[in-house]
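Text of run.csv, listed as CSV, C-alpha atoms:
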chain,number,residue,atom,x,y,z
A,137,MET,CA,-87.2,157.5,45.5
A,138,THR,CA,-89.9,160.0,46.5
A,139,PRO,CA,-92.6,159.7,43.9
A,140,PRO,CA,-94.0,162.9,42.4
A,141,ASP,CA,-97.7,163.7,43.0
A,142,ASN,CA,-98.7,162.6,39.5
A,143,LEU,CA,-96.9,159.2,39.5
A,144,THR,CA,-99.1,156.3,38.6
A,145,THR,CA,-98.2,152.7,39.5
A,146,ILE,CA,-98.2,149.9,37.0
A,147,ALA,CA,-98.6,147.1,39.5
A,148,ALA,CA,-96.3,144.1,39.1
A,149,ARG,CA,-97.7,141.6,36.5
A,150,HIS,CA,-100.6,144.0,35.6
A,151,GLY,CA,-101.5,146.7,33.2
A,152,LYS,CA,-102.7,150.4,33.3
A,153,ALA,CA,-104.2,152.6,30.6
A,154,ALA,CA,-104.3,156.4,30.4
A,155,ARG,CA,-105.5,159.1,28.1
A,156,LEU,CA,-103.0,161.6,26.5
A,157,ALA,CA,-103.9,164.7,24.6
A,158,ALA,CA,-101.7,165.5,21.5
A,159,GLY,CA,-98.6,167.3,22.8
A,160,GLN,CA,-98.7,165.7,26.3
A,161,GLN,CA,-95.7,163.6,27.3
A,162,VAL,CA,-95.5,160.4,29.4
A,163,ARG,CA,-92.4,159.4,31.3
A,164,VAL,CA,-92.2,155.6,32.0
A,165,ILE,CA,-89.9,154.9,34.9
A,166,ASN,CA,-88.2,151.5,35.3
A,167,THR,CA,-88.5,151.8,39.1
A,168,HIS,CA,-86.6,148.7,39.9
A,169,GLY,CA,-84.5,148.7,36.8
A,170,LYS,CA,-85.1,145.2,35.3
A,171,GLN,CA,-88.8,145.4,34.3
A,172,VAL,CA,-90.1,145.2,30.7
A,173,VAL,CA,-93.1,147.4,30.1
A,174,ASP,CA,-95.1,146.4,27.0
A,175,THR,CA,-96.6,149.6,25.5
A,176,TRP,CA,-99.5,150.2,23.1
A,177,ALA,CA,-101.2,153.3,21.8
A,178,PHE,CA,-104.6,153.7,20.3
A,179,ASN,CA,-106.2,156.7,18.5
A,180,ALA,CA,-108.6,158.2,21.1
A,181,ALA,CA,-111.1,158.9,18.3
A,182,ASP,CA,-111.0,155.4,16.6
A,183,ILE,CA,-109.5,152.4,18.5
A,184,ARG,CA,-109.0,150.6,15.2
A,185,GLU,CA,-106.1,152.9,14.6
A,186,PHE,CA,-103.1,151.9,16.7
A,187,MET,CA,-99.3,152.1,17.0
A,188,SER,CA,-97.8,149.5,14.7
A,189,MET,CA,-94.2,148.3,15.0
A,190,GLU,CA,-94.2,146.9,11.4
A,191,HIS,CA,-95.3,150.2,10.0
A,192,SER,CA,-93.0,152.2,12.2
A,193,ARG,CA,-89.9,150.2,11.2
A,194,ALA,CA,-90.5,151.0,7.6
A,195,THR,CA,-89.8,154.7,8.3
A,196,MET,CA,-87.7,154.6,11.5
A,197,LEU,CA,-85.3,152.2,9.5
A,198,THR,CA,-84.2,150.6,12.8
A,199,VAL,CA,-85.4,147.8,15.1
A,200,PHE,CA,-84.0,149.8,18.1
A,201,PRO,CA,-85.8,153.1,18.3
A,202,LYS,CA,-83.9,156.1,19.7
A,203,VAL,CA,-84.6,159.7,20.8
A,204,GLY,CA,-86.2,161.5,17.9
A,205,ASP,CA,-87.8,158.4,16.4
A,206,THR,CA,-91.6,158.6,15.8
A,207,PHE,CA,-93.9,155.5,15.9
A,208,LEU,CA,-96.6,155.4,13.2
A,209,SER,CA,-100.0,153.9,13.4
A,210,ASN,CA,-101.3,151.1,11.1
A,211,ARG,CA,-102.6,154.1,9.0
A,212,ARG,CA,-99.0,155.6,8.9
A,213,GLN,CA,-100.0,158.6,11.1
A,214,PRO,CA,-97.5,159.8,13.8
A,215,MET,CA,-98.5,158.5,17.2
A,216,LEU,CA,-95.6,158.7,19.7
A,217,THR,CA,-92.1,160.3,19.6
A,218,ILE,CA,-89.3,159.4,21.9
A,219,THR,CA,-88.2,162.8,23.4
A,220,GLU,CA,-85.8,161.5,26.2
A,221,ASP,CA,-84.3,158.2,27.2
A,222,THR,CA,-82.1,157.9,30.3
A,223,THR,CA,-81.9,154.0,29.8
A,224,PRO,CA,-79.2,152.5,27.7
A,225,GLY,CA,-81.7,152.7,24.8
A,226,ILE,CA,-82.4,149.0,24.3
A,227,HIS,CA,-86.1,148.5,23.6
A,228,ASP,CA,-87.7,145.7,21.6
A,229,THR,CA,-90.0,146.1,18.6
A,230,LEU,CA,-89.8,142.4,17.4
A,231,ILE,CA,-91.6,140.2,19.9
A,232,ALA,CA,-95.3,139.6,20.4
A,233,ALA,CA,-96.9,140.3,23.8
A,234,CYS,CA,-97.0,137.2,26.0
A,235,ASP,CA,-100.3,135.4,26.2
A,236,SER,CA,-101.8,132.2,27.7
A,237,HIS,CA,-100.7,130.2,24.6
A,238,ARG,CA,-97.1,131.3,25.2
A,239,TYR,CA,-97.1,130.2,28.9
A,240,LYS,CA,-98.6,126.8,27.9
A,241,GLN,CA,-95.8,126.5,25.2
A,242,LEU,CA,-93.2,127.2,27.9
A,243,GLY,CA,-94.6,124.5,30.2
A,244,VAL,CA,-96.7,126.5,32.6
A,245,THR,CA,-99.8,124.6,33.8
A,246,GLY,CA,-102.8,126.6,35.0
A,247,TYR,CA,-103.4,130.3,35.0
A,248,HIS,CA,-100.6,132.8,34.3
A,249,GLU,CA,-101.0,136.6,33.9
A,250,SER,CA,-100.1,137.9,30.5
A,251,CYS,CA,-99.5,141.2,28.7
A,252,THR,CA,-102.2,140.3,26.2
A,253,GLU,CA,-104.7,139.9,29.1
A,254,ASN,CA,-103.4,143.0,30.8
A,255,LEU,CA,-104.0,145.1,27.6
A,256,ALA,CA,-107.6,144.0,27.5
A,257,LEU,CA,-108.2,144.5,31.3
A,258,ALA,CA,-106.5,148.0,31.3
A,259,LEU,CA,-108.6,149.2,28.3
A,260,GLY,CA,-111.6,147.7,29.9
A,261,GLU,CA,-111.2,150.0,32.9
A,262,LEU,CA,-111.7,152.9,30.4
A,263,GLY,CA,-114.7,151.2,28.8
A,264,LEU,CA,-112.7,150.2,25.7
A,265,ALA,CA,-111.8,146.9,24.1
A,266,PRO,CA,-108.8,146.2,21.9
A,267,PRO,CA,-109.7,145.4,18.3
A,268,GLU,CA,-106.7,143.0,18.4
A,269,THR,CA,-103.4,142.7,20.2
A,270,PRO,CA,-101.0,144.9,18.2
A,271,SER,CA,-97.3,143.9,18.3
A,272,PRO,CA,-96.1,146.0,21.3
A,273,LEU,CA,-93.3,148.4,22.0
A,274,ASN,CA,-91.4,146.5,24.7
A,275,LEU,CA,-89.6,149.1,26.8
A,276,SER,CA,-86.3,147.9,28.3
A,277,MET,CA,-86.8,144.4,26.7
A,278,THR,CA,-83.4,143.2,25.6
A,279,ILE,CA,-83.6,141.1,22.4
A,280,PRO,CA,-80.2,141.5,20.7
A,281,VAL,CA,-80.1,141.0,16.9
A,282,THR,CA,-76.9,139.7,15.2
A,283,ALA,CA,-76.0,140.6,11.6
A,284,SER,CA,-77.2,137.1,10.6
A,285,GLY,CA,-80.6,137.9,12.2
A,286,ALA,CA,-80.4,135.7,15.3
A,287,LEU,CA,-82.4,136.7,18.3
A,288,SER,CA,-82.1,135.9,22.0
A,289,PHE,CA,-84.0,136.8,25.2
A,290,GLU,CA,-81.8,138.6,27.7
A,291,PRO,CA,-82.3,140.5,31.0
A,292,PRO,CA,-82.8,144.3,30.8
A,293,VAL,CA,-79.7,146.5,30.8
A,294,SER,CA,-81.6,149.4,32.4
A,295,GLU,CA,-81.0,150.5,36.0
A,296,PRO,CA,-83.4,151.5,38.8
A,297,GLY,CA,-85.1,154.9,38.2
A,298,GLN,CA,-84.1,155.2,34.5
A,299,SER,CA,-86.9,156.3,32.2
A,300,ILE,CA,-88.0,156.9,28.7
A,301,THR,CA,-90.3,159.8,27.7
A,302,LEU,CA,-92.8,159.7,24.9
A,303,ARG,CA,-94.7,162.6,23.3
A,304,ALA,CA,-98.3,162.0,22.0
A,305,GLU,CA,-98.6,163.1,18.4
A,306,MET,CA,-102.4,162.7,18.5
A,307,ASP,CA,-105.1,162.3,21.2
A,308,LEU,CA,-104.6,158.8,22.2
A,309,VAL,CA,-105.0,156.1,24.8
A,310,ILE,CA,-101.8,154.6,26.0
A,311,VAL,CA,-101.6,151.2,27.7
A,312,PHE,CA,-98.7,149.8,29.7
A,313,SER,CA,-98.2,146.2,31.0
A,314,ALA,CA,-95.5,145.3,33.6
A,315,CYS,CA,-94.7,142.1,31.9
A,316,PRO,CA,-95.3,139.0,34.1
A,317,GLN,CA,-92.8,136.8,32.2
A,318,ASP,CA,-91.0,134.8,34.9
A,319,VAL,CA,-90.0,131.7,32.8
A,320,LEU,CA,-87.6,133.5,30.5
A,321,PRO,CA,-85.1,136.0,31.9
A,322,VAL,CA,-86.5,139.1,30.2
A,323,ASN,CA,-87.5,140.6,33.6
A,324,GLY,CA,-84.5,139.2,35.4
A,325,LEU,CA,-86.8,136.4,36.5
A,326,ASN,CA,-88.4,138.8,39.0
A,327,PRO,CA,-91.4,140.8,37.6
A,328,THR,CA,-91.9,144.1,39.5
A,329,GLU,CA,-94.0,147.2,39.4
A,330,ALA,CA,-93.1,150.2,37.3
A,331,HIS,CA,-94.4,153.8,37.2
A,332,PHE,CA,-95.4,156.5,34.8
A,333,SER,CA,-96.1,160.2,35.0
A,334,ILE,CA,-97.9,162.4,32.5
A,335,LEU,CA,-96.0,165.7,31.9
B,133,MET,CA,-89.4,127.9,-18.4
B,134,THR,CA,-92.2,125.5,-19.3
B,135,PRO,CA,-94.8,125.9,-16.6
B,136,PRO,CA,-96.1,122.7,-15.0
B,137,ASP,CA,-99.8,122.1,-15.4
B,138,ASN,CA,-100.7,123.1,-11.9
B,139,LEU,CA,-98.9,126.5,-12.0
B,140,THR,CA,-100.9,129.4,-10.9
B,141,THR,CA,-100.0,133.0,-11.9
B,142,ILE,CA,-99.8,135.8,-9.4
B,143,ALA,CA,-100.2,138.6,-11.9
B,144,ALA,CA,-97.8,141.6,-11.6
B,145,ARG,CA,-99.0,144.0,-8.9
B,146,HIS,CA,-101.9,141.7,-7.9
B,147,GLY,CA,-102.8,139.0,-5.4
B,148,LYS,CA,-104.0,135.5,-5.4
B,149,ALA,CA,-105.4,133.2,-2.7
B,150,ALA,CA,-105.6,129.4,-2.5
B,151,ARG,CA,-106.7,126.7,-0.1
B,152,LEU,CA,-104.2,124.3,1.3
B,153,ALA,CA,-105.0,121.2,3.3
B,154,ALA,CA,-102.7,120.3,6.2
B,155,GLY,CA,-99.7,118.5,4.8
B,156,GLN,CA,-99.9,120.0,1.3
B,157,GLN,CA,-97.0,122.1,0.1
B,158,VAL,CA,-96.9,125.2,-2.0
B,159,ARG,CA,-93.9,126.2,-4.1
B,160,VAL,CA,-93.6,129.9,-4.7
B,161,ILE,CA,-91.5,130.6,-7.8
B,162,ASN,CA,-89.7,133.9,-8.3
B,163,THR,CA,-90.3,133.6,-12.1
B,164,HIS,CA,-88.3,136.8,-13.1
B,165,GLY,CA,-86.0,136.7,-10.0
B,166,LYS,CA,-86.5,140.2,-8.5
B,167,GLN,CA,-90.1,140.1,-7.3
B,168,VAL,CA,-91.1,140.3,-3.7
B,169,VAL,CA,-94.2,138.2,-2.8
B,170,ASP,CA,-96.0,139.2,0.3
B,171,THR,CA,-97.5,136.1,1.9
B,172,TRP,CA,-100.2,135.5,4.5
B,173,ALA,CA,-101.9,132.4,5.9
B,174,PHE,CA,-105.3,132.2,7.7
B,175,ASN,CA,-106.8,129.2,9.5
B,176,ALA,CA,-109.4,127.8,7.1
B,177,ALA,CA,-111.8,127.2,10.0
B,178,ASP,CA,-111.4,130.6,11.7
B,179,ILE,CA,-110.0,133.5,9.7
B,180,ARG,CA,-109.3,135.4,13.0
B,181,GLU,CA,-106.3,133.0,13.4
B,182,PHE,CA,-103.5,133.9,11.1
B,183,MET,CA,-99.7,133.6,10.6
B,184,SER,CA,-98.0,136.2,12.8
B,185,MET,CA,-94.4,137.4,12.3
B,186,GLU,CA,-94.1,138.7,15.9
B,187,HIS,CA,-95.3,135.4,17.4
B,188,SER,CA,-93.1,133.4,15.0
B,189,ARG,CA,-89.9,135.3,15.8
B,190,ALA,CA,-90.3,134.5,19.5
B,191,THR,CA,-89.8,130.8,18.7
B,192,MET,CA,-87.8,130.8,15.4
B,193,LEU,CA,-85.3,133.2,17.2
B,194,THR,CA,-84.4,134.8,13.9
B,195,VAL,CA,-85.6,137.6,11.7
B,196,PHE,CA,-84.4,135.6,8.6
B,197,PRO,CA,-86.4,132.3,8.5
B,198,LYS,CA,-84.6,129.3,7.0
B,199,VAL,CA,-85.5,125.7,5.9
B,200,GLY,CA,-87.0,123.9,8.9
B,201,ASP,CA,-88.4,127.0,10.6
B,202,THR,CA,-92.1,127.0,11.4
B,203,PHE,CA,-94.3,130.1,11.4
B,204,LEU,CA,-96.8,130.3,14.2
B,205,SER,CA,-100.3,131.8,14.3
B,206,ASN,CA,-101.4,134.6,16.6
B,207,ARG,CA,-102.5,131.7,18.8
B,208,ARG,CA,-99.0,130.1,18.7
B,209,GLN,CA,-100.2,127.2,16.6
B,210,PRO,CA,-97.9,125.9,13.7
B,211,MET,CA,-99.1,127.2,10.3
B,212,LEU,CA,-96.3,126.9,7.7
B,213,THR,CA,-92.9,125.3,7.6
B,214,ILE,CA,-90.2,126.1,5.1
B,215,THR,CA,-89.2,122.7,3.5
B,216,GLU,CA,-87.1,123.9,0.6
B,217,ASP,CA,-85.5,127.2,-0.4
B,218,THR,CA,-83.4,127.5,-3.7
B,219,THR,CA,-83.2,131.3,-3.2
B,220,PRO,CA,-80.3,132.8,-1.2
B,221,GLY,CA,-82.7,132.6,1.8
B,222,ILE,CA,-83.2,136.3,2.3
B,223,HIS,CA,-86.9,136.9,3.2
B,224,ASP,CA,-88.3,139.7,5.3
B,225,THR,CA,-90.4,139.4,8.5
B,226,LEU,CA,-90.0,143.1,9.7
B,227,ILE,CA,-91.9,145.4,7.2
B,228,ALA,CA,-95.6,146.0,7.0
B,229,ALA,CA,-97.5,145.4,3.7
B,230,CYS,CA,-97.6,148.5,1.5
B,231,ASP,CA,-100.9,150.4,1.5
B,232,SER,CA,-102.4,153.6,0.1
B,233,HIS,CA,-101.0,155.6,3.0
B,234,ARG,CA,-97.5,154.4,2.2
B,235,TYR,CA,-97.7,155.5,-1.4
B,236,LYS,CA,-99.0,158.9,-0.3
B,237,GLN,CA,-96.1,159.1,2.2
B,238,LEU,CA,-93.7,158.4,-0.7
B,239,GLY,CA,-95.2,161.1,-2.9
B,240,VAL,CA,-97.5,159.2,-5.2
B,241,THR,CA,-100.6,161.1,-6.1
B,242,GLY,CA,-103.7,159.2,-7.2
B,243,TYR,CA,-104.4,155.5,-7.1
B,244,HIS,CA,-101.6,152.9,-6.6
B,245,GLU,CA,-102.1,149.2,-6.2
B,246,SER,CA,-100.9,147.9,-2.8
B,247,CYS,CA,-100.3,144.6,-1.1
B,248,THR,CA,-102.9,145.5,1.6
B,249,GLU,CA,-105.6,145.9,-1.1
B,250,ASN,CA,-104.4,142.8,-2.9
B,251,LEU,CA,-104.9,140.8,0.3
B,252,ALA,CA,-108.5,142.0,0.6
B,253,LEU,CA,-109.3,141.4,-3.1
B,254,ALA,CA,-107.7,137.9,-3.2
B,255,LEU,CA,-109.5,136.8,-0.1
B,256,GLY,CA,-112.7,138.3,-1.6
B,257,GLU,CA,-112.5,136.0,-4.5
B,258,LEU,CA,-112.9,133.1,-2.0
B,259,GLY,CA,-115.8,134.9,-0.3
B,260,LEU,CA,-113.6,135.9,2.7
B,261,ALA,CA,-112.5,139.2,4.3
B,262,PRO,CA,-109.3,139.8,6.2
B,263,PRO,CA,-110.0,140.6,9.9
B,264,GLU,CA,-107.0,142.9,9.7
B,265,THR,CA,-103.8,143.1,7.6
B,266,PRO,CA,-101.3,140.9,9.5
B,267,SER,CA,-97.6,141.7,9.1
B,268,PRO,CA,-96.7,139.6,6.1
B,269,LEU,CA,-93.9,137.2,5.3
B,270,ASN,CA,-92.2,139.1,2.5
B,271,LEU,CA,-90.6,136.4,0.2
B,272,SER,CA,-87.3,137.6,-1.4
B,273,MET,CA,-87.6,141.0,0.2
B,274,THR,CA,-84.1,142.2,1.1
B,275,ILE,CA,-84.1,144.2,4.3
B,276,PRO,CA,-80.6,143.8,5.8
B,277,VAL,CA,-80.3,144.3,9.6
B,278,THR,CA,-77.0,145.6,11.1
B,279,ALA,CA,-75.9,144.6,14.6
B,280,SER,CA,-76.9,148.1,15.7
B,281,GLY,CA,-80.4,147.4,14.3
B,282,ALA,CA,-80.3,149.6,11.2
B,283,LEU,CA,-82.6,148.6,8.3
B,284,SER,CA,-82.5,149.4,4.5
B,285,PHE,CA,-84.6,148.6,1.5
B,286,GLU,CA,-82.6,146.7,-1.1
B,287,PRO,CA,-83.4,144.9,-4.4
B,288,PRO,CA,-83.9,141.1,-4.2
B,289,VAL,CA,-80.9,138.8,-4.4
B,290,SER,CA,-82.9,135.9,-5.8
B,291,GLU,CA,-82.6,134.8,-9.5
B,292,PRO,CA,-85.2,133.8,-12.1
B,293,GLY,CA,-86.8,130.5,-11.4
B,294,GLN,CA,-85.6,130.2,-7.8
B,295,SER,CA,-88.3,129.1,-5.3
B,296,ILE,CA,-89.3,128.6,-1.7
B,297,THR,CA,-91.5,125.7,-0.6
B,298,LEU,CA,-93.9,125.9,2.4
B,299,ARG,CA,-95.8,123.0,4.0
B,300,ALA,CA,-99.2,123.7,5.6
B,301,GLU,CA,-99.4,122.6,9.2
B,302,MET,CA,-103.2,123.1,9.4
B,303,ASP,CA,-105.9,123.5,6.8
B,304,LEU,CA,-105.4,127.1,5.7
B,305,VAL,CA,-106.0,129.8,3.2
B,306,ILE,CA,-102.8,131.2,1.8
B,307,VAL,CA,-102.6,134.6,0.1
B,308,PHE,CA,-99.9,136.0,-2.1
B,309,SER,CA,-99.3,139.5,-3.4
B,310,ALA,CA,-96.8,140.3,-6.2
B,311,CYS,CA,-95.8,143.6,-4.5
B,312,PRO,CA,-96.5,146.6,-6.7
B,313,GLN,CA,-93.8,148.8,-5.0
B,314,ASP,CA,-92.1,150.8,-7.7
B,315,VAL,CA,-90.9,153.8,-5.8
B,316,LEU,CA,-88.4,152.0,-3.5
B,317,PRO,CA,-86.1,149.4,-5.1
B,318,VAL,CA,-87.5,146.3,-3.3
B,319,ASN,CA,-88.7,144.8,-6.7
B,320,GLY,CA,-85.7,146.2,-8.7
B,321,LEU,CA,-88.1,149.0,-9.6
B,322,ASN,CA,-89.9,146.6,-12.0
B,323,PRO,CA,-92.8,144.8,-10.5
B,324,THR,CA,-93.4,141.5,-12.3
B,325,GLU,CA,-95.6,138.4,-12.1
B,326,ALA,CA,-94.7,135.4,-10.0
B,327,HIS,CA,-96.1,131.8,-9.8
B,328,PHE,CA,-97.0,129.1,-7.4
B,329,SER,CA,-97.8,125.5,-7.5
B,330,ILE,CA,-99.5,123.3,-4.9
B,331,LEU,CA,-97.6,120.0,-4.4
Turn the structure described in the file into structure tokens.
Amino acid sequence: MTPPDNLTTIAARHGKAARLAAGQQVRVINTHGKQVVDTWAFNAADIREFMSMEHSRATMLTVFPKVGDTFLSNRRQPMLTITEDTTPGIHDTLIAACDSHRYKQLGVTGYHESCTENLALALGELGLAPPETPSPLNLSMTIPVTASGALSFEPPVSEPGQSITLRAEMDLVIVFSACPQDVLPVNGLNPTEAHFSIL
Amino acid sequence: MTPPDNLTTIAARHGKAARLAAGQQVRVINTHGKQVVDTWAFNAADIREFMSMEHSRATMLTVFPKVGDTFLSNRRQPMLTITEDTTPGIHDTLIAACDSHRYKQLGVTGYHESCTENLALALGELGLAPPETPSPLNLSMTIPVTASGALSFEPPVSEPGQSITLRAEMDLVIVFSACPQDVLPVNGLNPTEAHFSIL
């Protein structure tokens, strides 16, 4: 793939933040196909307002967001709308960002990168600090839900180069983390880079 | 029903907080059967640690918690375990607490009680303030999930006097709100009181 000029890399196991003006779109490319990208959005004018999965589900009325769905903030304001999705459309809204506690729970000893740390580091590059770690939108993360409510952690069903495009509904800071999870199969046990471009 | 001596009322449309020592249990009684009770728990030693639905789902591996399931904090520590449930076992972990923005969104003009406000007021009675409004455990709230992920707001399926019992896994502050939602049918369009007792 020849990357367009405005393509930004989300390095494997790391995070990256960017500013979006209302009306701008961001395309998130699953470059190698099997990479979960945890995604957060914060109001550029007040970081205490952020995209909230639990508030969004109350109006989207689904746990699997599709083209046309709009994510709301913790103040119920529109933040991001899915305008295009060339992946099979399986994205997770249910599972917390991984963190140091999670890797300890899974038996990892010593340091391990995490999406929670990546959020803080990426915002830090813009001189910002997260007020908390909101429950993320986990792009390409495959957590099937049965009618009895059972959940499982599965590898992504997306393919290399597939993408999802999100439109900013307010001026915001968007943050991505190429999830470093390599104990559970959510990244096919091989965390890779991903890319995004602002349209 | 003759209430036991140690029964505490959660007034209709209002909240109530209580302290639980590790090992104590609390029984939440759906006195009139069709009342959702939003529930939060905070570490008594550090209110920034609280029960988190998104962290709990990652290890419970279900959106419908059952007897034996343990809710984790945002630091992945055990907080509450379901030890008994005489309701049909339908409790919600997906939907945010109602708030003033939600009632405005639903067409209410002027003041309306909310679970978010009830959380702050109830903690305030103990001299505490919530660091944020965590996504609550919504007892008896009936939000079915289809295999395609679709959600809907339905009336409770519990009956008068049915209860759920939770054991504290650390010293904590528990907060209940008898949900004042009367626009959607989640409380059968008739918000009522509920009760709890500490065992």
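Within the 12 Å cut-off around Gly324 of chain A, using only C-alpha atoms and omitting residues fewer than 4 positions from it on the same chain, the listed residues are His168, Gly169, Lys170, Gln171, Val172, Ser276, Met277, Thr278, Phe289, Glu290, Pro291, Pro292, Val293, Ser294, Glu295, Cys315, Pro316, Gln317, Asp318, Val319, Leu320 and Thr328 of chain A.
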How would the residues just picked look written out with C-alpha atoms as a PDB file, in the coordinates of the input?
ATOM      1  CA  HIS A 168     -86.600 148.700  39.900  1.00  0.00           C
ATOM      2  CA  GLY A 169     -84.500 148.700  36.800  1.00  0.00           C
ATOM      3  CA  LYS A 170     -85.100 145.200  35.300  1.00  0.00           C
ATOM      4  CA  GLN A 171     -88.800 145.400  34.300  1.00  0.00           C
ATOM      5  CA  VAL A 172     -90.100 145.200  30.700  1.00  0.00           C
ATOM      6  CA  SER A 276     -86.300 147.900  28.300  1.00  0.00           C
ATOM      7  CA  MET A 277     -86.800 144.400  26.700  1.00  0.00           C
ATOM      8  CA  THR A 278     -83.400 143.200  25.600  1.00  0.00           C
ATOM      9  CA  PHE A 289     -84.000 136.800  25.200  1.00  0.00           C
ATOM     10  CA  GLU A 290     -81.800 138.600  27.700  1.00  0.00           C
ATOM     11  CA  PRO A 291     -82.300 140.500  31.000  1.00  0.00           C
ATOM     12  CA  PRO A 292     -82.800 144.300  30.800  1.00  0.00           C
ATOM     13  CA  VAL A 293     -79.700 146.500  30.800  1.00  0.00           C
ATOM     14  CA  SER A 294     -81.600 149.400  32.400  1.00  0.00           C
ATOM     15  CA  GLU A 295     -81.000 150.500  36.000  1.00  0.00           C
ATOM     16  CA  CYS A 315     -94.700 142.100  31.900  1.00  0.00           C
ATOM     17  CA  PRO A 316     -95.300 139.000  34.100  1.00  0.00           C
ATOM     18  CA  GLN A 317     -92.800 136.800  32.200  1.00  0.00           C
ATOM     19  CA  ASP A 318     -91.000 134.800  34.900  1.00  0.00           C
ATOM     20  CA  VAL A 319     -90.000 131.700  32.800  1.00  0.00           C
ATOM     21  CA  LEU A 320     -87.600 133.500  30.500  1.00  0.00           C
ATOM     22  CA  THR A 328     -91.900 144.100  39.500  1.00  0.00           C
TER      23      THR A 328
END
For the interface of chain B with chain A (cut-off 8 Å, counting all atoms listed in the file), please tabulate each contacting residue of chain B alongside its nearest pair of atoms and their separation in Å to one decimal, rows sorted by chain and increasing number, as a Markdown table.
| residue | atom | partner | partner_atom | distance |
| --- | --- | --- | --- | --- |
| B:Glu186 | CA | A:Ala232 | CA | 4.7 |
| B:His187 | CA | A:Ala232 | CA | 5.2 |
| B:Arg189 | CA | A:Ile231 | CA | 6.6 |
| B:Ala190 | CA | A:Ile231 | CA | 5.9 |
| B:Leu193 | CA | A:Leu287 | CA | 4.7 |
| B:Thr194 | CA | A:Ala286 | CA | 4.3 |
| B:Val195 | CA | A:Gly285 | CA | 5.0 |
| B:Phe196 | CA | A:Gly285 | CA | 5.7 |
| B:Arg207 | CA | A:His237 | CA | 6.3 |
| B:Arg208 | CA | A:His237 | CA | 6.1 |
| B:Leu226 | CA | A:Glu190 | CA | 5.9 |
| B:Ile227 | CA | A:Glu190 | CA | 5.0 |
| B:Ala228 | CA | A:Glu190 | CA | 4.7 |
| B:His233 | CA | A:Arg212 | CA | 6.2 |
| B:Arg234 | CA | A:Arg212 | CA | 7.0 |
| B:Ser267 | CA | A:Glu190 | CA | 6.6 |
| B:Val277 | CA | A:Ala283 | CA | 6.0 |
| B:Thr278 | CA | A:Ala283 | CA | 5.1 |
| B:Ala279 | CA | A:Ala283 | CA | 5.0 |
| B:Ser280 | CA | A:Phe200 | CA | 7.7 |
| B:Gly281 | CA | A:Val199 | CA | 5.1 |
| B:Ala282 | CA | A:Thr198 | CA | 4.3 |
| B:Leu283 | CA | A:Leu197 | CA | 4.7 |
| B:Ser284 | CA | A:Leu197 | CA | 6.4 |
- Interatomic distance (Å, one decimal) between atom CA of Val162 of chain A and atom CA of Ala304 of chain A: 8.1 Å
- Message: Need to verify the contact set: Lys152 of chain A, 6 Å, all atoms listed in the file, exclusion of same-chain residues closer than 4 positions in sequence. Can you return it as a list in words?
- Response: Ile146, Ala258, Val311 and Phe312 of chain A
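With all atoms listed in the file as the atoms that count, the residue of B:Leu255, B:Cys247, B:Ile161, B:Ile222 with the shortest distance to Ile306 of chain B is B:Leu255.
Across the model, the gap from atom CA of Val160 of chain B to atom CA of Pro292 of chain B is 11.9 Å.
With only C-alpha atoms as the atoms that count, the minimum distance from Leu143 of chain A to the choices A:Ala330, A:Val203, A:Ile183, A:Ala157 is reached by A:Ala330.
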Write out as a JSON list (two decimals) with C-alpha atoms, in the frame of the given file which residues come within 12 Å of Phe332 of chain A when counting only C-alpha atoms, dropping same-chain ones fewer than 6 positions away.
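Saved the output as part21.json:
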[["chain", "number", "residue", "atom", "x", "y", "z"],
["A", 139, "PRO", "CA", -92.60, 159.70, 43.90],
["A", 140, "PRO", "CA", -94.00, 162.90, 42.40],
["A", 141, "ASP", "CA", -97.70, 163.70, 43.00],
["A", 142, "ASN", "CA", -98.70, 162.60, 39.50],
["A", 143, "LEU", "CA", -96.90, 159.20, 39.50],
["A", 144, "THR", "CA", -99.10, 156.30, 38.60],
["A", 145, "THR", "CA", -98.20, 152.70, 39.50],
["A", 146, "ILE", "CA", -98.20, 149.90, 37.00],
["A", 147, "ALA", "CA", -98.60, 147.10, 39.50],
["A", 151, "GLY", "CA", -101.50, 146.70, 33.20],
["A", 152, "LYS", "CA", -102.70, 150.40, 33.30],
["A", 153, "ALA", "CA", -104.20, 152.60, 30.60],
["A", 154, "ALA", "CA", -104.30, 156.40, 30.40],
["A", 161, "GLN", "CA", -95.70, 163.60, 27.30],
["A", 162, "VAL", "CA", -95.50, 160.40, 29.40],
["A", 163, "ARG", "CA", -92.40, 159.40, 31.30],
["A", 164, "VAL", "CA", -92.20, 155.60, 32.00],
["A", 165, "ILE", "CA", -89.90, 154.90, 34.90],
["A", 166, "ASN", "CA", -88.20, 151.50, 35.30],
["A", 167, "THR", "CA", -88.50, 151.80, 39.10],
["A", 173, "VAL", "CA", -93.10, 147.40, 30.10],
["A", 175, "THR", "CA", -96.60, 149.60, 25.50],
["A", 297, "GLY", "CA", -85.10, 154.90, 38.20],
["A", 298, "GLN", "CA", -84.10, 155.20, 34.50],
["A", 299, "SER", "CA", -86.90, 156.30, 32.20],
["A", 300, "ILE", "CA", -88.00, 156.90, 28.70],
["A", 301, "THR", "CA", -90.30, 159.80, 27.70],
["A", 302, "LEU", "CA", -92.80, 159.70, 24.90],
["A", 310, "ILE", "CA", -101.80, 154.60, 26.00],
["A", 311, "VAL", "CA", -101.60, 151.20, 27.70],
["A", 312, "PHE", "CA", -98.70, 149.80, 29.70],
["A", 313, "SER", "CA", -98.20, 146.20, 31.00],
["A", 314, "ALA", "CA", -95.50, 145.30, 33.60]]
